[in-house]
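Some notes on the structure that comes next.
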Amino acid sequence: MTTILLMVVLFVLLIFPHELGHFIVARLCDVQVNEFSFGMGPVIFKKQGKETQYSIRAIPVGGFCAMEGEDTEEAGDNPRAFNNKRGWQKILILLAGAAMNIFIAFVVMIFVSGIGGIITNTLAGVTPGGPAELAGIRAGDVVIAVEEYETDTWSDVINALDIVMEKDEPVDITVKRGSEKLTFSMLPMVNEEGRRMVGIEAEISHKPGTAIKSAAIATGEMFTTIFRSLRDLIHSENVLEQVSGPVGIAMAVEETSSYGFMYYLYLVAMISVNLAIFNLLPFPALDGGRIIFVIIRAITGKAISDKAEGIVHMIGMAFLIGLAIIVTGSDILKLFGR
């Protein structure tokens with residue numbers, strides 16, 4: 001039951017904000033929105049606004065934004081129809097869904113960073129009698145360099161120390177203390193486990209500014225990870241082993257949530273970025289494919305009709321549905337093969 005609830009939350013956080021992004025920018029561009037729905041399937045509640053019908057549907061996963069002239073063969077003469085808007089307006093509306101997914105990932109990572117805390121290169125303390133304390137380093141100092149290696153994060157500090165402490169020689173650590181930059185030299189000591197150490201402890205920050213900076217870095221790293229995965233997927237001999245559908249996502253949710261809620265939130269952020277990138281792929285029926293058509297039609301004029309574009313998107317959607325069925329089948333086989 002917990003996994004099902006977490007799956008519902010996951011899909012709500014991924015798909016509904018995506019459609020909300022389309023809706024907000026469509027309204028800003030004065031596009032007629034006929035219906036904006038939370039959920040899919042049969043309508044259980046609806047309210048008619050001045051123009052838009054707002055509805056809640058039975059299956060609480062995702063939603064949709066139905067714009068006038070978006071999927072019809074002809075938009076007619078309605079100046080507020082999606083297909084009659086300028087190219088740049090269409091592109092903004094189509095980009096808005098992916099932008100919202102990225103924003104959701106960023107906000108989730110701010111929460112994760114703020115609650116869990118970020119290990120910084122500011123020192124919370126030094127080991128009494130250790131090399132760092134004897135050299136003059138104090139709690140509150142910010143480590144900005146180890147030998148010739150600049151250190152902006154605690155990971156930088158650890159990596160630099162691992163390199164310079166390979167030899168049994170003094171180590172120079174530069175810190176920022178107030179407005180001063182001070183360099184201290186010390187000979188690492190060997191602890192009970194046989195590892196060299198200087199005796200410094202990192203401070204864990206829960207400050208909003210630190211959380212925002214960390215969230216931005218983490219979101220950027222997710223982009224790098226996903227693009228690398230796409231590159232590897234192209235060269236993979238068994239693609240189905242590398243991709244997952246709803247069943248595979250459910251398995252991942254169950255596994256990560258068992259480690260703790262923060263791991264689940266990180267998964268939400270990662271899948272949200274993944275969804276943004278997937279939707280911007282230049283494939284028919286996806287937002288990226290629609291953007292390609294906007295650009296082509298802006299160059300060629302009316303060489304491609306609304307009907308022709310609609311057929312291409314229908315074929316693309318059929319392919320994606322078929323792919324989803326195949327991937328789901330593969331996920332089920334993996335599930336029973338665990």
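For the structure tokens, the naming scheme is as follows: chains receive sequential letters (A, B, ...) according to their order of presentation, residues are indexed from 1 within each chain, and ligands are indexed from 1 in presentation order.
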Report as JSON lines the residues of stretch 92-207 of chain A within 8 Å of stretch 259-268 of chain A, each with its shortest atom pair and distance in Å (one decimal), using only C-alpha atoms, ordered by chain and increasing residue number.
{"residue": "A:Ala105", "atom": "CA", "partner": "A:Val268", "partner_atom": "CA", "distance": 7.2}
{"residue": "A:Val108", "atom": "CA", "partner": "A:Leu265", "partner_atom": "CA", "distance": 6.6}
{"residue": "A:Met109", "atom": "CA", "partner": "A:Tyr266", "partner_atom": "CA", "distance": 6.9}
{"residue": "A:Val112", "atom": "CA", "partner": "A:Met262", "partner_atom": "CA", "distance": 6.2}
{"residue": "A:Gly116", "atom": "CA", "partner": "A:Met262", "partner_atom": "CA", "distance": 7.7}
To test your reading of the structure, identify every residue in stretch 37-242 of chain A that backbone DSSP assigns to strand (DSSP E), and report it as JSON, numbers by chain. {"A": [37, 38, 39, 40, 41, 42, 43, 44, 45, 46, 47, 48, 53, 54, 55, 56, 57, 58, 59, 60, 61, 62, 63, 64, 65, 66, 67, 118, 119, 120, 121, 122, 123, 124, 125, 126, 142, 143, 144, 145, 146, 149, 150, 171, 172, 173, 174, 175, 176, 177, 180, 181, 182, 183, 184, 185, 186, 189, 190, 196, 197, 200, 201, 202, 203, 204, 205]}
Using the chain letters and numbers from this document, which residues of stretch 2-230 of chain A does DSSP assign to alpha helix (DSSP H), as number ranges by chain? A: 2-28, 87-116, 131-135, 154-164, 208-230
Counting only C-alpha atoms, which residue out of A:Leu6, A:Ala308, A:Ile104, A:Met251 sits closest to A:Phe336?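 The answer is A:Met251, which sits nearest to A:Phe336.
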Report as a ChimeraX atom specification all protein, DNA and RNA residues lying within 7 Å of stretch 209-212 of chain A, evaluated on only C-alpha atoms, omitting residues in the same chain fewer than 6 positions from it. /A:110,113-114
Written file, previous selection with N, CA, C and O atoms, as a PDB file, in the first residue's frame:
ATOM      1  N   ILE A 110      16.073  21.092  -3.294  1.00  0.00           N
ATOM      2  CA  ILE A 110      16.236  22.105  -2.244  1.00  0.00           C
ATOM      3  C   ILE A 110      15.749  21.543  -0.910  1.00  0.00           C
ATOM      4  O   ILE A 110      16.395  21.695   0.130  1.00  0.00           O
ATOM      5  N   SER A 113      18.218  18.870   0.273  1.00  0.00           N
ATOM      6  CA  SER A 113      19.453  19.490   0.751  1.00  0.00           C
ATOM      7  C   SER A 113      19.234  20.235   2.063  1.00  0.00           C
ATOM      8  O   SER A 113      20.080  20.183   2.966  1.00  0.00           O
ATOM      9  N   GLY A 114      18.097  20.928   2.161  1.00  0.00           N
ATOM     10  CA  GLY A 114      17.830  21.710   3.363  1.00  0.00           C
ATOM     11  C   GLY A 114      17.554  20.856   4.584  1.00  0.00           C
ATOM     12  O   GLY A 114      18.036  21.145   5.684  1.00  0.00           O
TER      13      GLY A 114
END
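Nearest to A:Leu14 of all the residues A:Gly129, A:Gly76, A:Pro284, A:Gly97 is A:Gly97, based on only C-alpha atoms.
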Sort by chain and increasing residue number a table of all residues of stretch 254-326 of chain A within 12 Å of stretch 80-84 of chain A, each with its closest pair of atoms and their distance in Å to one decimal, counting only C-alpha atoms, and write it as a tab-separated table.
residue	atom	partner	partner_atom	distance
A:Arg290	CA	A:Asn83	CA	11.2
A:Phe293	CA	A:Asn83	CA	11.3
A:Val294	CA	A:Asn83	CA	9.3
A:Arg297	CA	A:Asn83	CA	10.9
A:Ala298	CA	A:Asn83	CA	11.7
A:Lys302	CA	A:Asn83	CA	11.9
A:Ser305	CA	A:Asn83	CA	10.7
A:Asp306	CA	A:Asn83	CA	8.2
A:Lys307	CA	A:Asn83	CA	11.7
A:Glu309	CA	A:Asn83	CA	11.2
A:Gly310	CA	A:Asn83	CA	11.5
For the selection just defined, write its residues with all heavy atoms to a file, as a PDB file, in the first residue's frame.
ATOM      1  N   ARG A 290       6.861  18.158 -31.630  1.00  0.00           N
ATOM      2  CA  ARG A 290       5.961  19.254 -31.995  1.00  0.00           C
ATOM      3  C   ARG A 290       6.745  20.538 -32.250  1.00  0.00           C
ATOM      4  O   ARG A 290       6.413  21.323 -33.148  1.00  0.00           O
ATOM      5  CB  ARG A 290       4.918  19.466 -30.899  1.00  0.00           C
ATOM      6  CG  ARG A 290       3.929  18.310 -30.761  1.00  0.00           C
ATOM      7  CD  ARG A 290       2.948  18.537 -29.616  1.00  0.00           C
ATOM      8  NE  ARG A 290       2.034  17.417 -29.463  1.00  0.00           N
ATOM      9  CZ  ARG A 290       0.896  17.268 -30.124  1.00  0.00           C
ATOM     10  NH1 ARG A 290       0.529  18.193 -31.001  1.00  0.00           N
ATOM     11  NH2 ARG A 290       0.122  16.222 -29.921  1.00  0.00           N
ATOM     12  N   PHE A 293       8.193  20.465 -35.688  1.00  0.00           N
ATOM     13  CA  PHE A 293       7.190  20.809 -36.693  1.00  0.00           C
ATOM     14  C   PHE A 293       6.921  22.310 -36.719  1.00  0.00           C
ATOM     15  O   PHE A 293       6.697  22.888 -37.787  1.00  0.00           O
ATOM     16  CB  PHE A 293       5.890  20.031 -36.440  1.00  0.00           C
ATOM     17  CG  PHE A 293       5.804  18.739 -37.184  1.00  0.00           C
ATOM     18  CD1 PHE A 293       6.140  17.541 -36.565  1.00  0.00           C
ATOM     19  CD2 PHE A 293       5.407  18.709 -38.513  1.00  0.00           C
ATOM     20  CE1 PHE A 293       6.075  16.339 -37.246  1.00  0.00           C
ATOM     21  CE2 PHE A 293       5.331  17.509 -39.207  1.00  0.00           C
ATOM     22  CZ  PHE A 293       5.673  16.320 -38.577  1.00  0.00           C
ATOM     23  N   VAL A 294       6.899  22.954 -35.565  1.00  0.00           N
ATOM     24  CA  VAL A 294       6.704  24.411 -35.524  1.00  0.00           C
ATOM     25  C   VAL A 294       7.803  25.106 -36.318  1.00  0.00           C
ATOM     26  O   VAL A 294       7.550  26.026 -37.117  1.00  0.00           O
ATOM     27  CB  VAL A 294       6.688  24.917 -34.066  1.00  0.00           C
ATOM     28  CG1 VAL A 294       6.718  26.450 -34.037  1.00  0.00           C
ATOM     29  CG2 VAL A 294       5.457  24.408 -33.332  1.00  0.00           C
ATOM     30  N   ARG A 297       7.470  24.299 -40.139  1.00  0.00           N
ATOM     31  CA  ARG A 297       6.340  25.010 -40.757  1.00  0.00           C
ATOM     32  C   ARG A 297       6.598  26.512 -40.810  1.00  0.00           C
ATOM     33  O   ARG A 297       6.081  27.200 -41.698  1.00  0.00           O
ATOM     34  CB  ARG A 297       5.048  24.688 -40.008  1.00  0.00           C
ATOM     35  CG  ARG A 297       4.674  23.206 -40.112  1.00  0.00           C
ATOM     36  CD  ARG A 297       3.399  22.887 -39.376  1.00  0.00           C
ATOM     37  NE  ARG A 297       2.230  23.406 -40.070  1.00  0.00           N
ATOM     38  CZ  ARG A 297       0.980  23.182 -39.691  1.00  0.00           C
ATOM     39  NH1 ARG A 297       0.737  22.425 -38.631  1.00  0.00           N
ATOM     40  NH2 ARG A 297      -0.031  23.687 -40.363  1.00  0.00           N
ATOM     41  N   ALA A 298       7.390  27.011 -39.871  1.00  0.00           N
ATOM     42  CA  ALA A 298       7.743  28.428 -39.926  1.00  0.00           C
ATOM     43  C   ALA A 298       8.631  28.712 -41.137  1.00  0.00           C
ATOM     44  O   ALA A 298       8.584  29.800 -41.714  1.00  0.00           O
ATOM     45  CB  ALA A 298       8.469  28.825 -38.641  1.00  0.00           C
ATOM     46  N   LYS A 302       2.960  26.835 -45.500  1.00  0.00           N
ATOM     47  CA  LYS A 302       1.862  25.868 -45.399  1.00  0.00           C
ATOM     48  C   LYS A 302       2.135  24.588 -46.181  1.00  0.00           C
ATOM     49  O   LYS A 302       1.211  23.882 -46.584  1.00  0.00           O
ATOM     50  CB  LYS A 302       0.562  26.502 -45.889  1.00  0.00           C
ATOM     51  CG  LYS A 302       0.102  27.672 -45.015  1.00  0.00           C
ATOM     52  CD  LYS A 302      -1.248  28.189 -45.459  1.00  0.00           C
ATOM     53  CE  LYS A 302      -1.725  29.302 -44.535  1.00  0.00           C
ATOM     54  NZ  LYS A 302      -3.054  29.834 -44.945  1.00  0.00           N
ATOM     55  N   SER A 305       0.342  20.566 -43.831  1.00  0.00           N
ATOM     56  CA  SER A 305      -0.970  20.942 -43.311  1.00  0.00           C
ATOM     57  C   SER A 305      -1.143  20.452 -41.882  1.00  0.00           C
ATOM     58  O   SER A 305      -0.390  19.592 -41.399  1.00  0.00           O
ATOM     59  CB  SER A 305      -2.070  20.345 -44.187  1.00  0.00           C
ATOM     60  OG  SER A 305      -2.051  18.921 -44.086  1.00  0.00           O
ATOM     61  N   ASP A 306      -2.170  21.001 -41.201  1.00  0.00           N
ATOM     62  CA  ASP A 306      -2.496  20.526 -39.855  1.00  0.00           C
ATOM     63  C   ASP A 306      -2.837  19.040 -39.884  1.00  0.00           C
ATOM     64  O   ASP A 306      -2.474  18.290 -38.973  1.00  0.00           O
ATOM     65  CB  ASP A 306      -3.691  21.306 -39.295  1.00  0.00           C
ATOM     66  CG  ASP A 306      -3.340  22.761 -39.024  1.00  0.00           C
ATOM     67  OD1 ASP A 306      -2.139  23.067 -38.928  1.00  0.00           O
ATOM     68  OD2 ASP A 306      -4.271  23.583 -38.901  1.00  0.00           O
ATOM     69  N   LYS A 307      -3.519  18.608 -40.953  1.00  0.00           N
ATOM     70  CA  LYS A 307      -3.914  17.205 -41.064  1.00  0.00           C
ATOM     71  C   LYS A 307      -2.691  16.301 -41.171  1.00  0.00           C
ATOM     72  O   LYS A 307      -2.599  15.267 -40.500  1.00  0.00           O
ATOM     73  CB  LYS A 307      -4.819  17.017 -42.278  1.00  0.00           C
ATOM     74  CG  LYS A 307      -5.313  15.578 -42.440  1.00  0.00           C
ATOM     75  CD  LYS A 307      -6.263  15.468 -43.631  1.00  0.00           C
ATOM     76  CE  LYS A 307      -6.780  14.030 -43.773  1.00  0.00           C
ATOM     77  NZ  LYS A 307      -7.717  13.915 -44.909  1.00  0.00           N
ATOM     78  N   GLU A 309       0.404  16.936 -40.184  1.00  0.00           N
ATOM     79  CA  GLU A 309       1.127  16.906 -38.910  1.00  0.00           C
ATOM     80  C   GLU A 309       0.396  16.023 -37.905  1.00  0.00           C
ATOM     81  O   GLU A 309       1.023  15.254 -37.161  1.00  0.00           O
ATOM     82  CB  GLU A 309       1.280  18.318 -38.343  1.00  0.00           C
ATOM     83  CG  GLU A 309       2.042  18.334 -37.025  1.00  0.00           C
ATOM     84  CD  GLU A 309       2.171  19.730 -36.424  1.00  0.00           C
ATOM     85  OE1 GLU A 309       1.905  20.727 -37.122  1.00  0.00           O
ATOM     86  OE2 GLU A 309       2.546  19.809 -35.228  1.00  0.00           O
ATOM     87  N   GLY A 310      -0.928  16.130 -37.891  1.00  0.00           N
ATOM     88  CA  GLY A 310      -1.719  15.319 -36.967  1.00  0.00           C
ATOM     89  C   GLY A 310      -1.521  13.831 -37.194  1.00  0.00           C
ATOM     90  O   GLY A 310      -1.418  13.045 -36.249  1.00  0.00           O
TER      91      GLY A 310
END
List as a PyMOL selection string the protein and nucleic acid residues near stretch 170-186 of chain A, meaning an atom at most 9 Å away when only C-alpha atoms are counted, but skip any in the same chain fewer than 5 places from it. chain A and resi 131-132+134-138+140-148+161+164-165+198
List the neighbours of A:Arg27 out to 10 Å using only C-alpha atoms; skip same-chain residues closer than 4 positions along the sequence, and give me the result as a list in words. His22, Phe23, Val31, Gln32, Val33, Met67, Arg80 and Ile93 of chain A
Name the closest residue to A:Gly69 among the candidates A:Lys90, A:Arg57, A:Arg231, A:His18; distances are taken between atoms, counting only C-alpha atoms. A:Lys90
What is the atom CA of A:Ile158 to atom CA of A:Thr127 distance in Å? 16.0 Å
So the first atom is atom CA of A:Ala216 and the second is atom CA of A:Val107; what is the distance between them in Å, to one decimal place?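 We find that atom CA of A:Ala216 and atom CA of A:Val107 lie 9.3 Å from each other.
Among A:Pro128, A:Gly117, A:Pro60, A:Gly289, the residue with the shortest atom-to-atom distance to A:Met314, counting only C-alpha atoms, is A:Gly289.
Among A:Ala26, A:Met40, A:Val12, A:Ala202, the residue with the shortest atom-to-atom distance to A:Glu68, counting only C-alpha atoms, is A:Ala26.
The shell of residues at most 10 Å from A:Asn34, with only C-alpha atoms counted and near chain neighbours (fewer than 6 positions) removed, consists of Gln48, Gly49, Glu51, Thr52, Gln53, Tyr54, Cys65, Ala66, Met67, Glu68 and Gly69 of chain A.
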Save out the residues we just selected, C-alpha atoms, as an mmCIF file, in the first residue's frame.
data_model
loop_
_atom_site.group_PDB
_atom_site.id
_atom_site.type_symbol
_atom_site.label_atom_id
_atom_site.label_comp_id
_atom_site.auth_asym_id
_atom_site.auth_seq_id
_atom_site.Cartn_x
_atom_site.Cartn_y
_atom_site.Cartn_z
ATOM 1 C CA GLN A 48 -16.908 25.434 -15.635
ATOM 2 C CA GLY A 49 -14.946 28.666 -15.524
ATOM 3 C CA GLU A 51 -13.812 29.652 -20.597
ATOM 4 C CA THR A 52 -11.992 26.617 -19.206
ATOM 5 C CA GLN A 53 -13.585 23.558 -17.638
ATOM 6 C CA TYR A 54 -11.603 22.441 -14.581
ATOM 7 C CA CYS A 65 -4.361 20.639 -20.858
ATOM 8 C CA ALA A 66 -6.732 20.649 -23.855
ATOM 9 C CA MET A 67 -6.024 23.695 -26.021
ATOM 10 C CA GLU A 68 -8.244 24.824 -28.874
ATOM 11 C CA GLY A 69 -6.754 23.875 -32.238
#
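You can rank A:Ile44, A:Ala98, A:Ser205, A:Gly87 by their closest distance to A:Ile296 using only C-alpha atoms, and at the top of that list sits A:Gly87.
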Do you have the atom CA of A:Val61-atom CA of A:Ile4 distance handy?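 Between these atoms lies a distance of 11.4 Å.
Summary of the local environment: counting only C-alpha atoms, residues at most 10 Å from A:Ile277, other than itself and those fewer than 2 positions away along its chain, are Ala98, Ala99, Asn101, Ile102, Phe223, Ile226, Phe227, Ile271, Ser272, Val273, Asn274, Leu275, Asn279, Leu280, Leu281 and Gly288 of chain A.
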